>>> print(open('input_4.cif').read())   # mmCIF, C-alpha atoms and all ligand atoms
data_coords
loop_
_atom_site.group_PDB
_atom_site.id
_atom_site.type_symbol
_atom_site.label_atom_id
_atom_site.label_comp_id
_atom_site.auth_asym_id
_atom_site.auth_seq_id
_atom_site.Cartn_x
_atom_site.Cartn_y
_atom_site.Cartn_z
ATOM 1 C CA MET A 579 19.380 32.513 24.634
ATOM 2 C CA ILE A 580 21.261 30.818 27.472
ATOM 3 C CA VAL A 581 24.977 31.537 27.308
ATOM 4 C CA VAL A 582 27.988 30.684 29.442
ATOM 5 C CA LEU A 583 31.018 32.985 29.346
ATOM 6 C CA ILE A 584 34.258 31.225 30.284
ATOM 7 C CA GLY A 585 37.716 32.710 30.548
ATOM 8 C CA PRO A 586 40.594 33.094 32.948
ATOM 9 C CA PRO A 587 40.557 35.814 35.629
ATOM 10 C CA ALA A 588 40.667 39.304 34.054
ATOM 11 C CA SER A 589 40.107 37.997 30.517
ATOM 12 C CA GLY A 590 37.232 40.479 30.067
ATOM 13 C CA LYS A 591 34.148 38.415 30.991
ATOM 14 C CA GLY A 592 32.523 41.158 33.077
ATOM 15 C CA THR A 593 33.446 43.826 30.523
ATOM 16 C CA GLN A 594 31.885 41.926 27.593
ATOM 17 C CA ALA A 595 28.914 40.534 29.522
ATOM 18 C CA GLY A 596 27.118 43.896 29.584
ATOM 19 C CA ALA A 597 27.234 44.283 25.790
ATOM 20 C CA ILE A 598 26.037 40.720 25.159
ATOM 21 C CA CYS A 599 23.182 41.072 27.653
ATOM 22 C CA GLN A 600 22.091 44.360 26.125
ATOM 23 C CA ARG A 601 22.093 42.924 22.613
ATOM 24 C CA PHE A 602 20.103 39.806 23.493
ATOM 25 C CA GLY A 603 17.907 41.382 26.214
ATOM 26 C CA ILE A 604 18.964 38.924 28.896
ATOM 27 C CA PRO A 605 20.283 39.405 32.457
ATOM 28 C CA GLN A 606 23.900 38.864 33.476
ATOM 29 C CA ILE A 607 24.431 36.393 36.310
ATOM 30 C CA SER A 608 27.911 36.722 37.769
ATOM 31 C CA THR A 609 28.668 34.389 40.672
ATOM 32 C CA GLY A 610 31.656 36.592 41.574
ATOM 33 C CA ASP A 611 29.365 39.672 41.828
ATOM 34 C CA MET A 612 26.786 37.684 43.838
ATOM 35 C CA LEU A 613 29.449 36.511 46.287
ATOM 36 C CA ARG A 614 30.925 40.023 46.628
ATOM 37 C CA ALA A 615 27.418 41.415 47.284
ATOM 38 C CA ALA A 616 26.894 38.775 50.005
ATOM 39 C CA LYS A 617 30.277 39.732 51.492
ATOM 40 C CA ALA A 618 29.369 43.449 51.472
ATOM 41 C CA ALA A 619 26.023 42.646 53.123
ATOM 42 C CA GLY A 620 27.896 40.695 55.807
ATOM 43 C CA THR A 621 25.761 37.556 55.459
ATOM 44 C CA PRO A 622 27.233 34.306 56.907
ATOM 45 C CA LEU A 623 27.532 32.936 53.354
ATOM 46 C CA GLY A 624 29.248 36.133 52.179
ATOM 47 C CA LEU A 625 31.732 36.195 55.043
ATOM 48 C CA ALA A 626 32.605 32.501 54.625
ATOM 49 C CA ALA A 627 32.992 32.934 50.851
ATOM 50 C CA ALA A 628 35.140 36.061 51.287
ATOM 51 C CA ARG A 629 37.757 34.135 53.262
ATOM 52 C CA VAL A 630 38.180 31.750 50.326
ATOM 53 C CA MET A 631 37.929 34.399 47.590
ATOM 54 C CA ASP A 632 40.497 36.687 49.190
ATOM 55 C CA LEU A 633 42.994 33.801 49.063
ATOM 56 C CA GLY A 634 42.340 33.367 45.341
ATOM 57 C CA GLN A 635 40.660 29.969 45.798
ATOM 58 C CA LEU A 636 37.329 28.614 44.557
ATOM 59 C CA VAL A 637 34.202 28.723 46.714
ATOM 60 C CA PRO A 638 32.694 25.208 47.291
ATOM 61 C CA ASP A 639 30.580 23.891 44.416
ATOM 62 C CA GLU A 640 27.405 23.454 46.505
ATOM 63 C CA VAL A 641 27.433 27.159 47.484
ATOM 64 C CA VAL A 642 27.600 28.537 43.929
ATOM 65 C CA ILE A 643 25.278 25.855 42.496
ATOM 66 C CA GLY A 644 22.676 26.867 45.100
ATOM 67 C CA LEU A 645 23.035 30.555 44.220
ATOM 68 C CA VAL A 646 22.629 29.958 40.482
ATOM 69 C CA ASP A 647 19.793 27.442 40.852
ATOM 70 C CA GLU A 648 17.841 30.020 42.875
ATOM 71 C CA ARG A 649 18.690 33.003 40.650
ATOM 72 C CA ILE A 650 17.676 31.464 37.315
ATOM 73 C CA LYS A 651 14.162 30.788 38.618
ATOM 74 C CA HIS A 652 13.505 34.555 38.666
ATOM 75 C CA VAL A 653 11.077 35.875 36.070
ATOM 76 C CA ASP A 654 13.721 38.040 34.332
ATOM 77 C CA CYS A 655 15.539 34.830 33.315
ATOM 78 C CA GLN A 656 12.587 33.559 31.262
ATOM 79 C CA PRO A 657 13.941 34.967 27.947
ATOM 80 C CA GLY A 658 17.366 33.538 28.785
ATOM 81 C CA PHE A 659 20.439 34.597 30.725
ATOM 82 C CA LEU A 660 24.194 34.893 30.580
ATOM 83 C CA LEU A 661 26.320 33.096 33.176
ATOM 84 C CA ASP A 662 29.602 34.922 33.862
ATOM 85 C CA GLY A 663 32.095 32.898 35.925
ATOM 86 C CA PHE A 664 29.828 29.863 36.357
ATOM 87 C CA PRO A 665 30.336 26.965 35.898
ATOM 88 C CA ARG A 666 33.983 26.782 36.921
ATOM 89 C CA THR A 667 34.307 23.064 37.653
ATOM 90 C CA VAL A 668 32.994 19.940 35.914
ATOM 91 C CA PRO A 669 30.623 19.168 38.860
ATOM 92 C CA GLN A 670 29.194 22.712 38.480
ATOM 93 C CA ALA A 671 28.724 22.148 34.721
ATOM 94 C CA GLU A 672 26.985 18.820 35.378
ATOM 95 C CA ALA A 673 24.747 20.468 37.989
ATOM 96 C CA LEU A 674 23.838 23.215 35.495
ATOM 97 C CA GLU A 675 22.861 20.580 32.924
ATOM 98 C CA ARG A 676 20.612 18.840 35.472
ATOM 99 C CA VAL A 677 18.950 22.126 36.495
ATOM 100 C CA LEU A 678 18.301 23.084 32.862
ATOM 101 C CA VAL A 679 16.942 19.643 31.948
ATOM 102 C CA ARG A 680 14.567 19.792 34.941
ATOM 103 C CA ALA A 681 13.344 23.182 33.697
ATOM 104 C CA GLY A 682 12.967 21.914 30.094
ATOM 105 C CA ARG A 683 15.666 24.310 28.886
ATOM 106 C CA LYS A 684 19.093 23.982 27.281
ATOM 107 C CA LEU A 685 22.358 25.811 26.937
ATOM 108 C CA ASP A 686 22.779 27.530 23.529
ATOM 109 C CA ALA A 687 26.458 28.461 23.547
ATOM 110 C CA VAL A 688 29.620 28.616 25.615
ATOM 111 C CA VAL A 689 31.920 31.508 24.706
ATOM 112 C CA GLN A 690 35.553 31.084 25.715
ATOM 113 C CA LEU A 691 37.552 34.319 25.964
ATOM 114 C CA ASP A 692 41.136 33.417 25.145
ATOM 115 C CA VAL A 693 43.858 35.719 26.533
ATOM 116 C CA PRO A 694 47.473 34.689 27.212
ATOM 117 C CA ARG A 695 48.429 34.480 30.874
ATOM 118 C CA ALA A 696 51.212 37.052 30.413
ATOM 119 C CA LEU A 697 48.605 39.806 29.830
ATOM 120 C CA LEU A 698 46.221 38.818 32.605
ATOM 121 C CA VAL A 699 48.200 39.859 35.673
ATOM 122 C CA GLU A 700 48.492 43.439 34.402
ATOM 123 C CA ARG A 701 44.788 43.490 33.482
ATOM 124 C CA ALA A 702 43.860 42.370 37.003
ATOM 125 C CA ILE A 703 46.152 44.465 39.146
ATOM 126 C CA LEU A 704 45.286 47.709 37.338
ATOM 127 C CA ARG A 705 41.537 46.982 37.307
ATOM 128 C CA ARG A 706 39.344 49.354 39.298
ATOM 129 C CA THR A 707 35.562 49.213 39.745
ATOM 130 C CA ASP A 708 33.296 52.217 40.315
ATOM 131 C CA LYS A 709 31.558 51.493 43.632
ATOM 132 C CA ARG A 710 28.450 53.452 42.682
ATOM 133 C CA THR A 711 27.832 52.162 39.150
ATOM 134 C CA GLY A 712 29.608 48.786 39.228
ATOM 135 C CA LYS A 713 31.386 49.751 35.974
ATOM 136 C CA ILE A 714 34.744 48.102 35.340
ATOM 137 C CA TYR A 715 37.746 50.237 34.374
ATOM 138 C CA HIS A 716 41.464 49.764 33.813
ATOM 139 C CA LEU A 717 43.982 52.402 34.823
ATOM 140 C CA LYS A 718 45.865 51.969 31.519
ATOM 141 C CA TYR A 719 43.469 50.468 28.931
ATOM 142 C CA ASN A 720 40.075 51.848 29.986
ATOM 143 C CA PRO A 721 40.664 54.825 32.313
ATOM 144 C CA PRO A 722 37.864 55.810 34.696
ATOM 145 C CA PRO A 723 36.211 59.257 34.648
ATOM 146 C CA ALA A 724 37.448 61.783 37.220
ATOM 147 C CA ASP A 725 34.296 61.473 39.364
ATOM 148 C CA ALA A 726 34.382 57.650 39.678
ATOM 149 C CA VAL A 727 34.548 56.220 43.211
ATOM 150 C CA LEU A 728 37.145 53.547 42.666
ATOM 151 C CA GLU A 729 37.505 50.236 44.434
ATOM 152 C CA HIS A 730 40.444 47.819 44.151
ATOM 153 C CA ARG A 731 39.344 44.200 44.649
ATOM 154 C CA ALA A 732 40.980 42.342 47.545
ATOM 155 C CA ASP A 733 41.827 39.429 45.223
ATOM 156 C CA ASP A 734 43.505 41.662 42.625
ATOM 157 C CA GLN A 735 46.914 41.671 44.327
ATOM 158 C CA GLU A 736 49.583 39.927 42.252
ATOM 159 C CA ALA A 737 49.947 36.860 44.529
ATOM 160 C CA GLN A 738 46.181 36.187 44.584
ATOM 161 C CA VAL A 739 45.871 36.803 40.841
ATOM 162 C CA ASN A 740 48.513 34.142 40.200
ATOM 163 C CA LYS A 741 46.654 31.683 42.465
ATOM 164 C CA ARG A 742 43.402 32.393 40.588
ATOM 165 C CA LEU A 743 45.187 31.841 37.260
ATOM 166 C CA ASP A 744 46.559 28.518 38.575
ATOM 167 C CA ALA A 745 43.034 27.491 39.646
ATOM 168 C CA TYR A 746 41.758 28.306 36.151
ATOM 169 C CA GLU A 747 44.482 26.246 34.474
ATOM 170 C CA ASP A 748 44.236 23.320 36.924
ATOM 171 C CA ILE A 749 40.454 23.103 37.351
ATOM 172 C CA THR A 750 38.325 25.351 35.119
ATOM 173 C CA SER A 751 40.115 24.628 31.833
ATOM 174 C CA ALA A 752 38.670 21.071 32.066
ATOM 175 C CA LEU A 753 35.385 22.666 30.983
ATOM 176 C CA LEU A 754 36.756 23.376 27.518
ATOM 177 C CA PRO A 755 36.842 19.711 26.363
ATOM 178 C CA PHE A 756 33.593 19.147 28.325
ATOM 179 C CA TYR A 757 31.741 21.742 26.224
ATOM 180 C CA GLN A 758 33.691 21.026 23.031
ATOM 181 C CA GLY A 759 32.373 17.467 23.254
ATOM 182 C CA ARG A 760 28.820 18.841 23.397
ATOM 183 C CA GLY A 761 29.381 21.051 20.330
ATOM 184 C CA LEU A 762 28.740 24.238 22.317
ATOM 185 C CA LEU A 763 32.190 25.840 22.581
ATOM 186 C CA ARG A 764 32.985 29.026 20.634
ATOM 187 C CA ARG A 765 36.517 30.321 21.117
ATOM 188 C CA VAL A 766 36.978 34.095 20.870
ATOM 189 C CA GLU A 767 40.322 35.893 20.725
ATOM 190 C CA GLY A 768 40.269 38.188 23.776
ATOM 191 C CA VAL A 769 43.249 40.363 22.837
ATOM 192 C CA GLY A 770 42.437 43.662 21.129
ATOM 193 C CA SER A 771 40.458 46.781 21.961
ATOM 194 C CA LEU A 772 37.262 46.441 24.012
ATOM 195 C CA ASP A 773 35.221 47.143 20.855
ATOM 196 C CA GLU A 774 37.121 44.606 18.748
ATOM 197 C CA VAL A 775 36.584 41.862 21.317
ATOM 198 C CA ARG A 776 32.896 42.811 21.670
ATOM 199 C CA ALA A 777 32.400 42.510 17.882
ATOM 200 C CA ARG A 778 34.022 39.051 17.908
ATOM 201 C CA VAL A 779 31.842 37.845 20.787
ATOM 202 C CA VAL A 780 28.652 39.092 19.128
ATOM 203 C CA ALA A 781 29.697 37.508 15.794
ATOM 204 C CA ALA A 782 30.365 34.179 17.563
ATOM 205 C CA LEU A 783 26.886 34.262 19.109
ATOM 206 C CA ASP A 784 25.132 35.439 15.940
ATOM 207 C CA ALA A 785 26.716 32.508 14.115
HETATM 208 P P1 LIG B 801 34.976 36.482 39.519
HETATM 209 O O1 LIG B 801 34.491 37.779 39.981
HETATM 210 O O2 LIG B 801 34.148 35.661 38.593
HETATM 211 O O3 LIG B 801 36.444 36.695 38.980
HETATM 212 P P2 LIG B 801 37.258 36.075 37.753
HETATM 213 O O4 LIG B 801 36.699 34.914 37.031
HETATM 214 O O5 LIG B 801 38.596 35.871 38.339
HETATM 215 O O6 LIG B 801 37.124 37.137 36.697
HETATM 216 P P3 LIG B 801 37.386 38.635 36.909
HETATM 217 O O7 LIG B 801 36.189 39.309 37.462
HETATM 218 O O8 LIG B 801 38.698 38.784 37.638
HETATM 219 O O9 LIG B 801 37.717 39.099 35.428
HETATM 220 P P4 LIG B 801 36.843 39.281 34.134
HETATM 221 O O10 LIG B 801 37.136 38.155 33.188
HETATM 222 O O11 LIG B 801 35.405 39.556 34.457
HETATM 223 O O12 LIG B 801 37.562 40.566 33.545
HETATM 224 P P5 LIG B 801 37.089 42.103 33.519
HETATM 225 O O13 LIG B 801 36.034 42.296 32.487
HETATM 226 O O14 LIG B 801 36.839 42.608 34.884
HETATM 227 O O15 LIG B 801 35.280 35.537 40.769
HETATM 228 C C1 LIG B 801 35.984 36.009 41.895
HETATM 229 C C2 LIG B 801 36.122 34.890 42.904
HETATM 230 O O16 LIG B 801 34.808 34.449 43.319
HETATM 231 C C3 LIG B 801 36.809 33.614 42.406
HETATM 232 O O17 LIG B 801 38.220 33.698 42.481
HETATM 233 C C4 LIG B 801 36.231 32.573 43.370
HETATM 234 O O18 LIG B 801 36.828 32.642 44.630
HETATM 235 C C5 LIG B 801 34.785 33.036 43.521
HETATM 236 N N1 LIG B 801 33.896 32.430 42.532
HETATM 237 C C6 LIG B 801 33.171 33.089 41.579
HETATM 238 N N2 LIG B 801 32.474 32.226 40.843
HETATM 239 C C7 LIG B 801 32.773 30.988 41.330
HETATM 240 C C8 LIG B 801 32.373 29.684 40.937
HETATM 241 N N3 LIG B 801 31.534 29.460 39.908
HETATM 242 N N4 LIG B 801 32.884 28.635 41.641
HETATM 243 C C9 LIG B 801 33.717 28.821 42.677
HETATM 244 N N5 LIG B 801 34.143 30.037 43.083
HETATM 245 C C10 LIG B 801 33.663 31.112 42.406
HETATM 246 O O19 LIG B 801 38.433 42.751 32.924
HETATM 247 C C11 LIG B 801 39.631 42.754 33.689
HETATM 248 C C12 LIG B 801 40.394 44.065 33.447
HETATM 249 O O20 LIG B 801 40.858 44.072 32.099
HETATM 250 C C13 LIG B 801 39.525 45.323 33.634
HETATM 251 O O21 LIG B 801 40.325 46.315 34.193
HETATM 252 C C14 LIG B 801 39.125 45.698 32.191
HETATM 253 O O22 LIG B 801 38.899 47.095 32.050
HETATM 254 C C15 LIG B 801 40.341 45.227 31.404
HETATM 255 N N6 LIG B 801 39.998 44.779 30.060
HETATM 256 C C16 LIG B 801 38.893 44.083 29.675
HETATM 257 N N7 LIG B 801 38.939 43.834 28.342
HETATM 258 C C17 LIG B 801 40.118 44.373 27.902
HETATM 259 C C18 LIG B 801 40.745 44.448 26.614
HETATM 260 N N8 LIG B 801 40.183 43.904 25.517
HETATM 261 N N9 LIG B 801 41.940 45.076 26.538
HETATM 262 C C19 LIG B 801 42.526 45.629 27.635
HETATM 263 N N10 LIG B 801 41.979 45.602 28.871
HETATM 264 C C20 LIG B 801 40.780 44.970 29.002
#
>>> encode(input="input_4.cif", output="structure tokens")
Amino acid sequence: MIVVLIGPPASGKGTQAGAICQRFGIPQISTGDMLRAAKAAGTPLGLAAARVMDLGQLVPDEVVIGLVDERIKHVDCQPGFLLDGFPRTVPQAEALERVLVRAGRKLDAVVQLDVPRALLVERAILRRTDKRTGKIYHLKYNPPPADAVLEHRADDQEAQVNKRLDAYEDITSALLPFYQGRGLLRRVEGVGSLDEVRARVVAALDA
């Protein structure tokens, strides 16, 4: 099972990815998490990427394509994998197709989480992540336990969130007709409780 999860910033990709990966026994590959890990490690790639990410802009295609190309060669990706936040541009989607063809593999489904923009700013600015476990919480909709060590992402300030939403609408949304044309797109309503959305995603993939 090779799945791509597409959706605007804060639509719930990271939240739903864990459940999908558990159900299908595949690893989650999040380019955002990989870039944040490189930033935390202080690598040259991480520090260069952080400057772009903190402004709410997209990291250059060749950087993320290189990260994904390398990651999916790992042995844990043999049964399949879920891509969360990649591809985000048509050149990234075309590069993914080339990489998969070279490996004799193919994409099974692209799940689009659909959430209106009006809800996304609140989801992003009240998001907190537990530094120790990586778990994603929301101060209103999914409150963290008292012992969580909470982190507020640098790009989750309102101005940056709006820039990220603009980038999604201007650039990433072009992937929807791209994958629709290939018969891979499955649209899932992303408004509802975490469990309701999870059930819809799993049903879309089971279908
Ligand atoms: P990335 O980390 O991928 O960020 P994103 O796409 O903006 O997505 P988010 O992580 O913000 O949100 P999410 O959809 O995972 O939502 P979540 O589950 O956390 O990328 C960050 C940056 O890295 C990019 O801006 C770019 O600079 C760079 N980058 C990454 N990949 C790249 C690529 N391929 N090309 C170029 N640049 C790249 O949920 C959000 C909140 O909502 C949480 O608080 C959660 O608890 C809450 N929530 C979730 N579901 C619900 C629900 N049903 N109801 C109520 N609240 C909910």
>>> resolve_selection(input="input_4.cif", expression="the PyMOL selection byres (((not hetatm)) within 6 of (chain B and resi 801))", output="ChimeraX atom specification")
/A:586-593,609-611,630-631,634-639,642,663-666,701-702,705,714-716,719-720,742,768-772,775
>>> axis_aligned_box(input="input_4.cif", around="range 639-657 of chain A", padding_each_side="5 Å", output="JSON")
{"center_x": 20.8, "center_y": 30.7, "center_z": 37.7, "size_x": 29.5, "size_y": 24.6, "size_z": 29.5}
>>> residues_around(input="input_4.cif", residues="range 601-605 of chain A", least_positions_apart="3", cutoff="12 Å", atoms="only C-alpha atoms", output="PDB file with C-alpha atoms, in the frame of the given file")
ATOM      1  CA  MET A 579      19.380  32.513  24.634  1.00  0.00           C
ATOM      2  CA  ILE A 580      21.261  30.818  27.472  1.00  0.00           C
ATOM      3  CA  VAL A 581      24.977  31.537  27.308  1.00  0.00           C
ATOM      4  CA  GLN A 594      31.885  41.926  27.593  1.00  0.00           C
ATOM      5  CA  ALA A 595      28.914  40.534  29.522  1.00  0.00           C
ATOM      6  CA  GLY A 596      27.118  43.896  29.584  1.00  0.00           C
ATOM      7  CA  ALA A 597      27.234  44.283  25.790  1.00  0.00           C
ATOM      8  CA  ILE A 598      26.037  40.720  25.159  1.00  0.00           C
ATOM      9  CA  SER A 608      27.911  36.722  37.769  1.00  0.00           C
ATOM     10  CA  ARG A 649      18.690  33.003  40.650  1.00  0.00           C
ATOM     11  CA  ILE A 650      17.676  31.464  37.315  1.00  0.00           C
ATOM     12  CA  HIS A 652      13.505  34.555  38.666  1.00  0.00           C
ATOM     13  CA  VAL A 653      11.077  35.875  36.070  1.00  0.00           C
ATOM     14  CA  ASP A 654      13.721  38.040  34.332  1.00  0.00           C
ATOM     15  CA  CYS A 655      15.539  34.830  33.315  1.00  0.00           C
ATOM     16  CA  GLN A 656      12.587  33.559  31.262  1.00  0.00           C
ATOM     17  CA  PRO A 657      13.941  34.967  27.947  1.00  0.00           C
ATOM     18  CA  GLY A 658      17.366  33.538  28.785  1.00  0.00           C
ATOM     19  CA  PHE A 659      20.439  34.597  30.725  1.00  0.00           C
ATOM     20  CA  LEU A 660      24.194  34.893  30.580  1.00  0.00           C
ATOM     21  CA  LEU A 661      26.320  33.096  33.176  1.00  0.00           C
ATOM     22  CA  ASP A 662      29.602  34.922  33.862  1.00  0.00           C
ATOM     23  CA  ARG A 776      32.896  42.811  21.670  1.00  0.00           C
ATOM     24  CA  ALA A 777      32.400  42.510  17.882  1.00  0.00           C
ATOM     25  CA  VAL A 779      31.842  37.845  20.787  1.00  0.00           C
ATOM     26  CA  VAL A 780      28.652  39.092  19.128  1.00  0.00           C
ATOM     27  CA  ALA A 781      29.697  37.508  15.794  1.00  0.00           C
ATOM     28  CA  LEU A 783      26.886  34.262  19.109  1.00  0.00           C
ATOM     29  CA  ASP A 784      25.132  35.439  15.940  1.00  0.00           C
TER      30      ASP A 784
END
>>> atom_distance(input="input_4.cif", atom1="CA of Glu648 in chain A", atom2="CA of Ile607 in chain A")
11.3 Å
>>> resolve_selection(input="input_4.cif", expression="the PyMOL selection byres (((chain A and resi 706) around 9) and not hetatm)", output="MDAnalysis selection string")
chainID A and resid 702:705 707:708 713:717 721:722 728:731
>>> closest_residue(input="input_4.cif", among="A:Glu700, A:Asp773, A:Asp647, A:Glu640", to="Val677 in chain A", atoms="only C-alpha atoms")
A:Asp647
>>> resolve_selection(input="input_4.cif", expression="the PyMOL selection byres (((chain A and resi 692) around 7) and not hetatm)", output="JSON, numbers by chain")
{"A": [585, 690, 691, 693, 694, 765, 766, 767, 768]}
>>> closest_residue(input="input_4.cif", among="A:Arg764, A:Ile749, A:Val739, A:Ala619", to="Arg778 in chain A", atoms="all atoms listed in the file")
A:Arg764
>>> atom_distance(input="input_4.cif", atom1="CA of Val641 in chain A", atom2="CA of Asn740 in chain A")
23.4 Å
>>> atom_distance(input="input_4.cif", atom1="CA of Ile643 in chain A", atom2="CA of Gln670 in chain A")
6.4 Å
>>> closest_residue(input="input_4.cif", among="A:Leu674, A:Val668, A:Cys599, A:Leu697", to="Ala752 in chain A", atoms="only C-alpha atoms")
A:Val668
>>> closest_residue(input="input_4.cif", among="A:Ala615, A:Val582, A:Val689, A:Ala782", to="Gly712 in chain A", atoms="only C-alpha atoms")
A:Ala615
>>> decode(input="input_4.cif", residues="range 628-641 of chain A", atoms="N, CA, C and O atoms", output="short mmCIF file (atom, residue, chain, number, x, y, z; two decimals), in the first residue's frame")
data_model
loop_
_atom_site.label_atom_id
_atom_site.label_comp_id
_atom_site.auth_asym_id
_atom_site.auth_seq_id
_atom_site.Cartn_x
_atom_site.Cartn_y
_atom_site.Cartn_z
N ALA A 628 15.04 25.65 7.48
CA ALA A 628 14.31 26.33 8.55
C ALA A 628 14.03 27.79 8.20
O ALA A 628 12.95 28.31 8.52
N ARG A 629 14.99 28.42 7.51
CA ARG A 629 14.79 29.83 7.15
C ARG A 629 13.56 29.98 6.24
O ARG A 629 12.80 30.92 6.36
N VAL A 630 13.39 29.02 5.35
CA VAL A 630 12.25 29.06 4.42
C VAL A 630 10.96 28.67 5.14
O VAL A 630 9.92 29.32 5.01
N MET A 631 11.04 27.59 5.94
CA MET A 631 9.85 27.09 6.63
C MET A 631 9.28 28.13 7.59
O MET A 631 8.07 28.30 7.68
N ASP A 632 10.18 28.80 8.32
CA ASP A 632 9.71 29.75 9.32
C ASP A 632 9.00 30.94 8.69
O ASP A 632 8.25 31.65 9.35
N LEU A 633 9.24 31.16 7.39
CA LEU A 633 8.53 32.23 6.67
C LEU A 633 7.21 31.73 6.08
O LEU A 633 6.47 32.49 5.47
N GLY A 634 6.97 30.43 6.21
CA GLY A 634 5.73 29.86 5.66
C GLY A 634 5.82 29.54 4.18
O GLY A 634 4.81 29.38 3.51
N GLN A 635 7.07 29.44 3.67
CA GLN A 635 7.25 29.15 2.23
C GLN A 635 7.65 27.69 2.02
O GLN A 635 8.03 27.01 2.98
N LEU A 636 7.65 27.26 0.76
CA LEU A 636 8.02 25.88 0.45
C LEU A 636 9.53 25.74 0.28
O LEU A 636 10.20 26.62 -0.29
N VAL A 637 10.05 24.64 0.76
CA VAL A 637 11.46 24.29 0.59
C VAL A 637 11.64 23.88 -0.88
O VAL A 637 10.72 23.31 -1.49
N PRO A 638 12.83 24.15 -1.49
CA PRO A 638 13.00 23.80 -2.92
C PRO A 638 12.72 22.32 -3.22
O PRO A 638 13.05 21.44 -2.42
N ASP A 639 12.13 22.10 -4.40
CA ASP A 639 11.75 20.74 -4.80
C ASP A 639 12.90 19.74 -4.67
O ASP A 639 12.72 18.64 -4.15
N GLU A 640 14.11 20.14 -5.16
CA GLU A 640 15.20 19.15 -5.20
C GLU A 640 15.58 18.67 -3.80
O GLU A 640 15.99 17.52 -3.61
N VAL A 641 15.39 19.52 -2.79
CA VAL A 641 15.74 19.13 -1.41
C VAL A 641 14.79 18.03 -0.92
O VAL A 641 15.22 16.97 -0.46
#
